[in-house]
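Student: Sharing a structure here in structure tokens format.
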Amino acid sequence: MKDYTLSKEKIAELEKFHRSLRDKRQADRVKTVIALSKGWSAAQVAEILLFDEKTSRHYFERYQKGGLQALLDDNYSGAELKLNERQMSELESYLEEHILPDAKSVITYIHKQYRIRYSVTGVTARLHRLGFSYKKPTHVPGKQDPAQQQAFLKEYEQLKAKKGKNDPIYFADATHLQHSSRMHGIVRIFLFLFRVRSVIYRWHLRFSG
């Protein structure tokens with residue numbers, strides 16, 4: 001009987017990576033490896049995920065031979081060159097200092113620096129192991145004026161106090177061109193949150209009666 005044993009650390013890594021996947025086929029492959037490592041039989045996994053036992057075993061074998069890269073990459077040949085430990089460390093340091101917009105940009109950088117070509121799924125798996133993922137920034141208002149905000153609240157409370165019981169108050173906000181940053185890129189998961197100051201002009205119109 002084939003040994004599907006994995007360490008707790010490996011299982012935790014797979015579970016964490018599975019939560020980041022959006023591709024159902026890739027997610028099913030990761031689930032297969034996790035389930036087999038937790039004692040499910042290949043037949044049970046195949047029945048739940050709707051493919052045959054051979055496929056279940058095949059996915060686990062691919063993971064054993066080449067890790068997440070081999071498991072997820074449809075074009076994985078088993079002989080793809082990989083970055084060594086020194087190169088991985090250099091890549092990690094570079095990504096700490098530079099925000100690359102997407103996985104393809106990372107692939108281009110790796111090929112330019114080391115003449116090694118990764119696939120998108122392959123480099124995504126590598127980046128995830130280093131703790132990096134694609135993220136969009138959290139926007140914060142570009143022009144905040146606490147004094148004006150408090151003045152508006154005071155005026156608004158006075159308006160509510162003076163208006164008739166059935167008089168409505170309408171709010172209108174800008175819905176035309178929004179001037180804000182579109183930055184996004186590969187950043188360290190959970191440890192790196194970058195905020196981009198947006199410049200958005202809004203005009204509030206208040207009507208009573």
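Naming works like this for the structure tokens: A, B, ... for the chains as they're shown, residue 1 at the start of each chain, ligands 1 onward in shown order.
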So that I can check the surroundings of Asp74 (chain A), please list as a ChimeraX atom specification every protein, DNA and RNA residue that reaches within 10 Å of it, counting only C-alpha atoms and ignoring chain neighbours fewer than 6 positions away.

Tutor: /A:26,119,121-122

Student: Could the residues in this selection be saved with C-alpha atoms as a PDB file, in the first residue's frame?

Tutor:
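Below is the file that was written, result14.pdb:
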ATOM      1  CA  GLN A  26      -6.142  23.372  -9.121  1.00  0.00           C
ATOM      2  CA  SER A 119       5.266  28.961 -15.789  1.00  0.00           C
ATOM      3  CA  THR A 121       1.372  28.444 -11.898  1.00  0.00           C
ATOM      4  CA  GLY A 122       4.919  27.415 -11.075  1.00  0.00           C
TER       5      GLY A 122
END

Student: Can you list, as an NGL selection string, every protein, DNA or RNA residue that comes within 12 Å of Ala12 (chain A) when you count only C-alpha atoms, leaving out same-chain residues fewer than 3 positions away?

Tutor: :A and (6-9 or 15-19 or 30-31 or 33-34 or 37-38 or 129)

Student: Counting only C-alpha atoms, which residue out of A:Val106, A:Leu127, A:Ile99, A:Ala70 sits closest to His58 (chain A)?

Tutor: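 Using only C-alpha atoms, the shortest distance to His58 (chain A) belongs to A:Ala70.
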
Student: Could you list, as an NGL selection string, every residue within 8 Å of Leu83 (chain A), counting only C-alpha atoms and ignoring same-chain residues fewer than 4 positions away?

Tutor: :A and (87-88 or 116)

Student: At what distance in Å, to one decimal, does CA of Glu61 (chain A) lie from CA of Ala103 (chain A)?

Tutor: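 A separation of 25.8 Å between them.
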
Student: Considering only alpha helix (DSSP H) as DSSP defines it on the backbone, what residues of region 17-103 of chain A qualify? List them as a ChimeraX atom specification.

Tutor: /A:17-20,24-37,42-49,53-72,85-97,103

Student: Could you take the residues named above and write them with C-alpha atoms, as a PDB file, in the first residue's frame?

Tutor:
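The result, written out as part_38.pdb:
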ATOM      1  CA  PHE A  17      -2.344  27.570  -0.331  1.00  0.00           C
ATOM      2  CA  HIS A  18      -5.717  25.972  -1.101  1.00  0.00           C
ATOM      3  CA  ARG A  19      -7.509  28.949   0.478  1.00  0.00           C
ATOM      4  CA  SER A  20      -5.765  31.291  -1.975  1.00  0.00           C
ATOM      5  CA  LYS A  24     -11.405  24.848  -9.180  1.00  0.00           C
ATOM      6  CA  ARG A  25      -9.246  22.275 -10.971  1.00  0.00           C
ATOM      7  CA  GLN A  26      -6.142  23.372  -9.121  1.00  0.00           C
ATOM      8  CA  ALA A  27      -8.053  23.464  -5.833  1.00  0.00           C
ATOM      9  CA  ASP A  28      -9.233  19.882  -6.393  1.00  0.00           C
ATOM     10  CA  ARG A  29      -5.660  18.724  -6.943  1.00  0.00           C
ATOM     11  CA  VAL A  30      -4.552  20.283  -3.673  1.00  0.00           C
ATOM     12  CA  LYS A  31      -7.565  18.793  -1.887  1.00  0.00           C
ATOM     13  CA  THR A  32      -6.607  15.384  -3.262  1.00  0.00           C
ATOM     14  CA  VAL A  33      -3.131  15.552  -1.744  1.00  0.00           C
ATOM     15  CA  ILE A  34      -4.486  16.806   1.580  1.00  0.00           C
ATOM     16  CA  ALA A  35      -7.181  14.107   1.762  1.00  0.00           C
ATOM     17  CA  LEU A  36      -4.790  11.263   0.927  1.00  0.00           C
ATOM     18  CA  SER A  37      -2.301  12.513   3.504  1.00  0.00           C
ATOM     19  CA  ALA A  42      -7.741   7.022  -3.419  1.00  0.00           C
ATOM     20  CA  ALA A  43     -11.188   5.547  -4.106  1.00  0.00           C
ATOM     21  CA  GLN A  44     -12.872   7.815  -1.543  1.00  0.00           C
ATOM     22  CA  VAL A  45     -11.158  10.915  -2.916  1.00  0.00           C
ATOM     23  CA  ALA A  46     -12.074   9.957  -6.477  1.00  0.00           C
ATOM     24  CA  GLU A  47     -15.718   9.459  -5.528  1.00  0.00           C
ATOM     25  CA  ILE A  48     -15.982  12.850  -3.811  1.00  0.00           C
ATOM     26  CA  LEU A  49     -14.071  14.863  -6.433  1.00  0.00           C
ATOM     27  CA  GLU A  53      -8.508   6.458  -8.461  1.00  0.00           C
ATOM     28  CA  LYS A  54      -5.556   6.572 -10.829  1.00  0.00           C
ATOM     29  CA  THR A  55      -5.911  10.348 -11.086  1.00  0.00           C
ATOM     30  CA  SER A  56      -5.947  10.657  -7.292  1.00  0.00           C
ATOM     31  CA  ARG A  57      -2.715   8.708  -6.988  1.00  0.00           C
ATOM     32  CA  HIS A  58      -1.188  10.558  -9.933  1.00  0.00           C
ATOM     33  CA  TYR A  59      -1.737  13.950  -8.311  1.00  0.00           C
ATOM     34  CA  PHE A  60      -0.047  12.816  -5.107  1.00  0.00           C
ATOM     35  CA  GLU A  61       2.917  11.421  -7.045  1.00  0.00           C
ATOM     36  CA  ARG A  62       3.297  14.703  -8.911  1.00  0.00           C
ATOM     37  CA  TYR A  63       3.322  16.588  -5.623  1.00  0.00           C
ATOM     38  CA  GLN A  64       5.946  14.238  -4.179  1.00  0.00           C
ATOM     39  CA  LYS A  65       8.203  14.658  -7.203  1.00  0.00           C
ATOM     40  CA  GLY A  66       7.919  18.389  -7.791  1.00  0.00           C
ATOM     41  CA  GLY A  67       5.874  20.027  -5.037  1.00  0.00           C
ATOM     42  CA  LEU A  68       3.101  22.505  -5.764  1.00  0.00           C
ATOM     43  CA  GLN A  69       4.672  23.537  -9.038  1.00  0.00           C
ATOM     44  CA  ALA A  70       4.421  20.009 -10.453  1.00  0.00           C
ATOM     45  CA  LEU A  71       0.950  19.502  -8.990  1.00  0.00           C
ATOM     46  CA  LEU A  72      -0.582  22.637 -10.499  1.00  0.00           C
ATOM     47  CA  GLU A  85      18.440  28.482  -2.253  1.00  0.00           C
ATOM     48  CA  ARG A  86      20.746  31.436  -2.925  1.00  0.00           C
ATOM     49  CA  GLN A  87      18.668  32.574  -5.897  1.00  0.00           C
ATOM     50  CA  MET A  88      15.434  32.190  -3.925  1.00  0.00           C
ATOM     51  CA  SER A  89      16.913  34.357  -1.171  1.00  0.00           C
ATOM     52  CA  GLU A  90      17.942  36.997  -3.718  1.00  0.00           C
ATOM     53  CA  LEU A  91      14.466  36.959  -5.254  1.00  0.00           C
ATOM     54  CA  GLU A  92      12.878  37.341  -1.820  1.00  0.00           C
ATOM     55  CA  SER A  93      15.100  40.352  -1.059  1.00  0.00           C
ATOM     56  CA  TYR A  94      14.279  41.916  -4.431  1.00  0.00           C
ATOM     57  CA  LEU A  95      10.524  41.548  -3.893  1.00  0.00           C
ATOM     58  CA  GLU A  96      10.868  43.123  -0.450  1.00  0.00           C
ATOM     59  CA  GLU A  97      12.264  46.245  -2.139  1.00  0.00           C
ATOM     60  CA  ALA A 103       3.308  36.821 -11.745  1.00  0.00           C
TER      61      ALA A 103
END

Student: What is the CA of Lys104 (chain A) to CA of Asp73 (chain A) distance in Å?

Tutor: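 Separation of CA of Lys104 (chain A) and CA of Asp73 (chain A): 14.7 Å.
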
Student: Could you jot down the CA of Tyr109 (chain A) to CA of Leu14 (chain A) separation for me, Å, one decimal place?

Tutor: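 Calculated distance between CA of Tyr109 (chain A) and CA of Leu14 (chain A) is 26.2 Å.
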